[in-house]
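Colleague: I am attaching a structure below and will ask some questions about it afterwards.
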Amino acid sequence: MSVDPGPPAPVQTPDPVPFPRRISPDFRAAHDRHLAWPKSFGFLSSEAAEAHHLRGQFPLIAAMFYPNATGSELDLGVDQQSWYFLFDDALDEEWGRSPERVRHLVGLVKEGTSGEASPLPLAGAFADMRRRSCQDMPEDWIQRSAAHWSSYLDHHVHEARSRQTGAPMSLSTYLRVRRHTIGVAPVVDLAERLSSCVLPDHLYALPHLSVMREMTKTFIICDNDIVSLEKDTALGERNNLVLCLERDHGLSRAEAIDQALRRRAEALELFTGAHRALLGATATSHLDPAERDLLQRYCTEALRTTIRGAYDWHHASTRYHGQSAPPVPLTRPRSQDRSS
C-alpha cells in the first residue's frame, strides 16, 4: 500500500516559530521506500497496520528534522521515527500498563544492541537502527547517545507505574519524566550525524547549549501534549501536560491549554536568548573560529530544525486522529526472519 504524501499541510497561524520551514529534497523518494524497513522485521503484516503506519507520516517528520539528509542517511532518520512510534504503539496497545512488562520490554530492547539476535521485532529493529547510527561516529558521541537512549527507555517504566496504580503524576513529576520519554535527545543526536555538526564533549557541555536543549524539550512537550490531548484522553491517559495543569492548578480545559501555550512561548524565548548569549563574544572568546562555526551549525541544523520540524509535523500529521493502532507483534513471524 502506498499513498502520495503530498506537500506538508499548512500549520496553524500565526506561526509561533521564527525559524524557516525546511524539508529534505529526497522526501518523496524516502516516503516511497520507507515501509520496507519495518516490514523486514515483521511489522505491518496487515493492511490495517500498514495504513496506520502511513498515517503517521514518518518520512515527513524525518525530512523536516533532517533537511540536509538524502538517500540512506535520510532513510536512517525515517527508520528512527518509525521505531519511536512502533514502540509508542506497543506501550499504548500491549505493554504500557504494567511496569514489569515495560521493564522487560526495555531490557529486551537494550539487549538487542549486544549483537545477539532477538525474537522481539522491536529489539531487532532498534539494534539495526542503532548500529547504522553509530557507524563511523566518534566515541564521545556514541557514549552520549547511548546514555540518551537508555534514559528514554528507562523512564517509560515510571509512566507505566502511574498507569497501573491509577494515580496520575503531579505536574513536576510528569515534566521530569516527560523530558526523557519525549525522545528529543536522540533526535538531536542523530541530527549531529545527518547534518555534519558533531560536537566534541567540551563543546556539547557548554551551559548555554544545555539551556537550549532543555528549552527544545519544553517547547516540544507543550506542543505535543496539546495536539495529542484528544488521543490521550480517548486512551484513558491521564499524564499529559494539559491534564496535569488542570489537576494541579484547578484550571478549566481552556485555561490549561492557554497555560501550555504560554509555557511553549516562554521556552522559545529562553531558547533564543540562550542562543544569542552563546554566540556572544564573552561566551565563545576562548574558542577558535572553527569551533564557533561548528556551534552555530549545531544550533541551526540540530536544535532549530528539531523545534521547527516537530511543530510543523505536529500540525500536519494525522497520527493524532482516527482509529487506534493494530496490536504490535510480540514475536517475529518465522516467515519474516531476515538473515544478517
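Ligands are numbered from 1 in the order shown, residues from 1 within each chain, and chains are lettered A, B, ... in the order they appear in the C-alpha cells.
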Write out as a list in words the residues lying within 8 Å of stretch 298-303 of chain A, counting only C-alpha atoms and excluding same-chain residues fewer than 5 positions away.
Modeller: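 Non-adjacent residues within range: Phe65, Tyr66, Val188, Asp189, Ala191, Glu192, Ser195, Cys197, Val198, Leu199, Met212, Arg213, Thr216 and His275 of chain A.
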Colleague: Those selected residues, please, written with C-alpha atoms and delivered as an mmCIF file, in the first residue's frame.
Modeller:
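Writing the result to out13.cif gives the following:
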data_model
loop_
_atom_site.group_PDB
_atom_site.id
_atom_site.type_symbol
_atom_site.label_atom_id
_atom_site.label_comp_id
_atom_site.auth_asym_id
_atom_site.auth_seq_id
_atom_site.Cartn_x
_atom_site.Cartn_y
_atom_site.Cartn_z
ATOM 1 C CA PHE A 65 14.142 17.156 11.262
ATOM 2 C CA TYR A 66 16.981 16.362 8.860
ATOM 3 C CA VAL A 188 19.119 15.887 18.203
ATOM 4 C CA ASP A 189 21.927 13.331 18.444
ATOM 5 C CA ALA A 191 20.871 15.481 13.623
ATOM 6 C CA GLU A 192 24.532 15.896 14.551
ATOM 7 C CA SER A 195 23.881 17.455 9.285
ATOM 8 C CA CYS A 197 27.719 19.094 13.101
ATOM 9 C CA VAL A 198 29.009 16.517 15.604
ATOM 10 C CA LEU A 199 30.190 18.226 18.791
ATOM 11 C CA MET A 212 18.852 25.467 24.533
ATOM 12 C CA ARG A 213 18.460 21.682 24.591
ATOM 13 C CA THR A 216 13.821 22.449 22.890
ATOM 14 C CA HIS A 275 21.390 31.279 21.545
#
Colleague: Find the residues near A:His286: any atom within 12 Å, counting only C-alpha atoms, skip ones fewer than 5 places away on the same chain, and give them as an MDAnalysis selection string.
Modeller: chainID A and resid 202:203 206 279:281 291:292
Colleague: Mind checking which residues fall within 12 Å of A:His104, counting only C-alpha atoms, ignoring those fewer than 5 positions away in the same chain, and posting them as a ChimeraX atom specification?
Modeller: /A:91,95-96,98-99,109-111,120,123,153-154,156-157,160
Colleague: Contacts of A:Ile226 at 10 Å or less, counting only C-alpha atoms, minus same-chain residues fewer than 4 places along, as a list in words?
Modeller: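 That gives Ile220, Ile221, Cys222, Glu230, Asp232, Asn240, Leu241, Val242, Leu243, Ala256, Ile257, Asp258, Ala260, Leu261 and His314 of chain A.
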Colleague: Can you write just those residues out, N, CA, C and O atoms, as a PDB file, in the first residue's frame?
Modeller:
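This went into result-v5.pdb:
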ATOM      1  N   ILE A 220       8.649  21.243  22.734  1.00  0.00           N
ATOM      2  CA  ILE A 220       8.045  20.098  22.055  1.00  0.00           C
ATOM      3  C   ILE A 220       7.077  19.362  22.975  1.00  0.00           C
ATOM      4  O   ILE A 220       6.031  18.879  22.535  1.00  0.00           O
ATOM      5  N   ILE A 221       7.381  19.276  24.272  1.00  0.00           N
ATOM      6  CA  ILE A 221       6.429  18.684  25.216  1.00  0.00           C
ATOM      7  C   ILE A 221       5.114  19.457  25.186  1.00  0.00           C
ATOM      8  O   ILE A 221       4.028  18.869  25.088  1.00  0.00           O
ATOM      9  N   CYS A 222       5.202  20.775  25.290  1.00  0.00           N
ATOM     10  CA  CYS A 222       3.991  21.593  25.300  1.00  0.00           C
ATOM     11  C   CYS A 222       3.202  21.395  24.015  1.00  0.00           C
ATOM     12  O   CYS A 222       1.983  21.160  24.042  1.00  0.00           O
ATOM     13  N   GLU A 230      -6.536  14.952  22.557  1.00  0.00           N
ATOM     14  CA  GLU A 230      -7.715  14.156  22.214  1.00  0.00           C
ATOM     15  C   GLU A 230      -7.380  12.669  22.187  1.00  0.00           C
ATOM     16  O   GLU A 230      -8.130  11.836  22.710  1.00  0.00           O
ATOM     17  N   ASP A 232      -4.880  11.145  23.756  1.00  0.00           N
ATOM     18  CA  ASP A 232      -4.560  10.689  25.110  1.00  0.00           C
ATOM     19  C   ASP A 232      -5.819  10.453  25.936  1.00  0.00           C
ATOM     20  O   ASP A 232      -5.942   9.444  26.647  1.00  0.00           O
ATOM     21  N   ASN A 240      -0.602  14.003  30.870  1.00  0.00           N
ATOM     22  CA  ASN A 240      -0.476  14.916  29.748  1.00  0.00           C
ATOM     23  C   ASN A 240      -0.344  16.298  30.368  1.00  0.00           C
ATOM     24  O   ASN A 240      -0.969  16.578  31.399  1.00  0.00           O
ATOM     25  N   LEU A 241       0.467  17.161  29.782  1.00  0.00           N
ATOM     26  CA  LEU A 241       0.706  18.468  30.389  1.00  0.00           C
ATOM     27  C   LEU A 241      -0.592  19.212  30.659  1.00  0.00           C
ATOM     28  O   LEU A 241      -0.780  19.794  31.738  1.00  0.00           O
ATOM     29  N   VAL A 242      -1.508  19.215  29.694  1.00  0.00           N
ATOM     30  CA  VAL A 242      -2.766  19.942  29.865  1.00  0.00           C
ATOM     31  C   VAL A 242      -3.557  19.373  31.038  1.00  0.00           C
ATOM     32  O   VAL A 242      -4.085  20.115  31.880  1.00  0.00           O
ATOM     33  N   LEU A 243      -3.623  18.049  31.114  1.00  0.00           N
ATOM     34  CA  LEU A 243      -4.383  17.410  32.194  1.00  0.00           C
ATOM     35  C   LEU A 243      -3.718  17.652  33.552  1.00  0.00           C
ATOM     36  O   LEU A 243      -4.408  17.833  34.569  1.00  0.00           O
ATOM     37  N   ALA A 256      -6.111  25.581  30.892  1.00  0.00           N
ATOM     38  CA  ALA A 256      -4.929  24.730  30.902  1.00  0.00           C
ATOM     39  C   ALA A 256      -4.234  24.751  29.535  1.00  0.00           C
ATOM     40  O   ALA A 256      -3.005  24.779  29.458  1.00  0.00           O
ATOM     41  N   ILE A 257      -5.013  24.717  28.462  1.00  0.00           N
ATOM     42  CA  ILE A 257      -4.421  24.803  27.129  1.00  0.00           C
ATOM     43  C   ILE A 257      -3.720  26.142  26.947  1.00  0.00           C
ATOM     44  O   ILE A 257      -2.606  26.216  26.406  1.00  0.00           O
ATOM     45  N   ASP A 258      -4.349  27.206  27.411  1.00  0.00           N
ATOM     46  CA  ASP A 258      -3.722  28.532  27.313  1.00  0.00           C
ATOM     47  C   ASP A 258      -2.421  28.580  28.095  1.00  0.00           C
ATOM     48  O   ASP A 258      -1.422  29.159  27.634  1.00  0.00           O
ATOM     49  N   ALA A 260      -0.460  26.021  28.713  1.00  0.00           N
ATOM     50  CA  ALA A 260       0.512  25.237  27.952  1.00  0.00           C
ATOM     51  C   ALA A 260       1.079  26.048  26.789  1.00  0.00           C
ATOM     52  O   ALA A 260       2.284  25.977  26.490  1.00  0.00           O
ATOM     53  N   LEU A 261       0.237  26.825  26.139  1.00  0.00           N
ATOM     54  CA  LEU A 261       0.712  27.685  25.047  1.00  0.00           C
ATOM     55  C   LEU A 261       1.677  28.748  25.578  1.00  0.00           C
ATOM     56  O   LEU A 261       2.677  29.082  24.921  1.00  0.00           O
ATOM     57  N   HIS A 314       3.627  18.143  13.986  1.00  0.00           N
ATOM     58  CA  HIS A 314       2.500  18.050  14.903  1.00  0.00           C
ATOM     59  C   HIS A 314       1.219  18.589  14.264  1.00  0.00           C
ATOM     60  O   HIS A 314       0.127  18.045  14.487  1.00  0.00           O
TER      61      HIS A 314
END
Colleague: Near A:Pro186, within 8 Å and counting only C-alpha atoms, which residues show up once chain neighbours fewer than 6 positions away are dropped, as a PyMOL selection string?
Modeller: chain A and resi 145+148-149
Colleague: Considering only C-alpha atoms, can you say which of A:Ala167, A:Val78, A:Leu44, A:Leu108 comes closest to A:Phe58?
Modeller: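 Among the listed residues, A:Val78 lies closest to A:Phe58.
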Colleague: Enumerate the residues of stretch 103-317 of chain A with a DSSP assignment of alpha helix (DSSP H), computed from the backbone, and present them as a VMD selection string.
Modeller: chain A and resid 103 to 111 121 to 134 139 to 165 171 to 181 184 to 194 201 to 204 207 to 227 229 to 234 241 to 249 253 to 278 281 to 284 289 to 298 305 to 314
Colleague: Would you mind listing what lies within 9 Å of A:Pro138 as an MDAnalysis selection string, with only C-alpha atoms counted and same-chain residues fewer than 4 positions away left out?
Modeller: chainID A and resid 134 142:143 198 200
Colleague: For A:Arg176, which residue out of A:Thr306, A:Trp141, A:Ala51, A:Glu214 is the nearest one, using only C-alpha atoms?
Modeller: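 With only C-alpha atoms as the atom set, the closest residue is A:Glu214.
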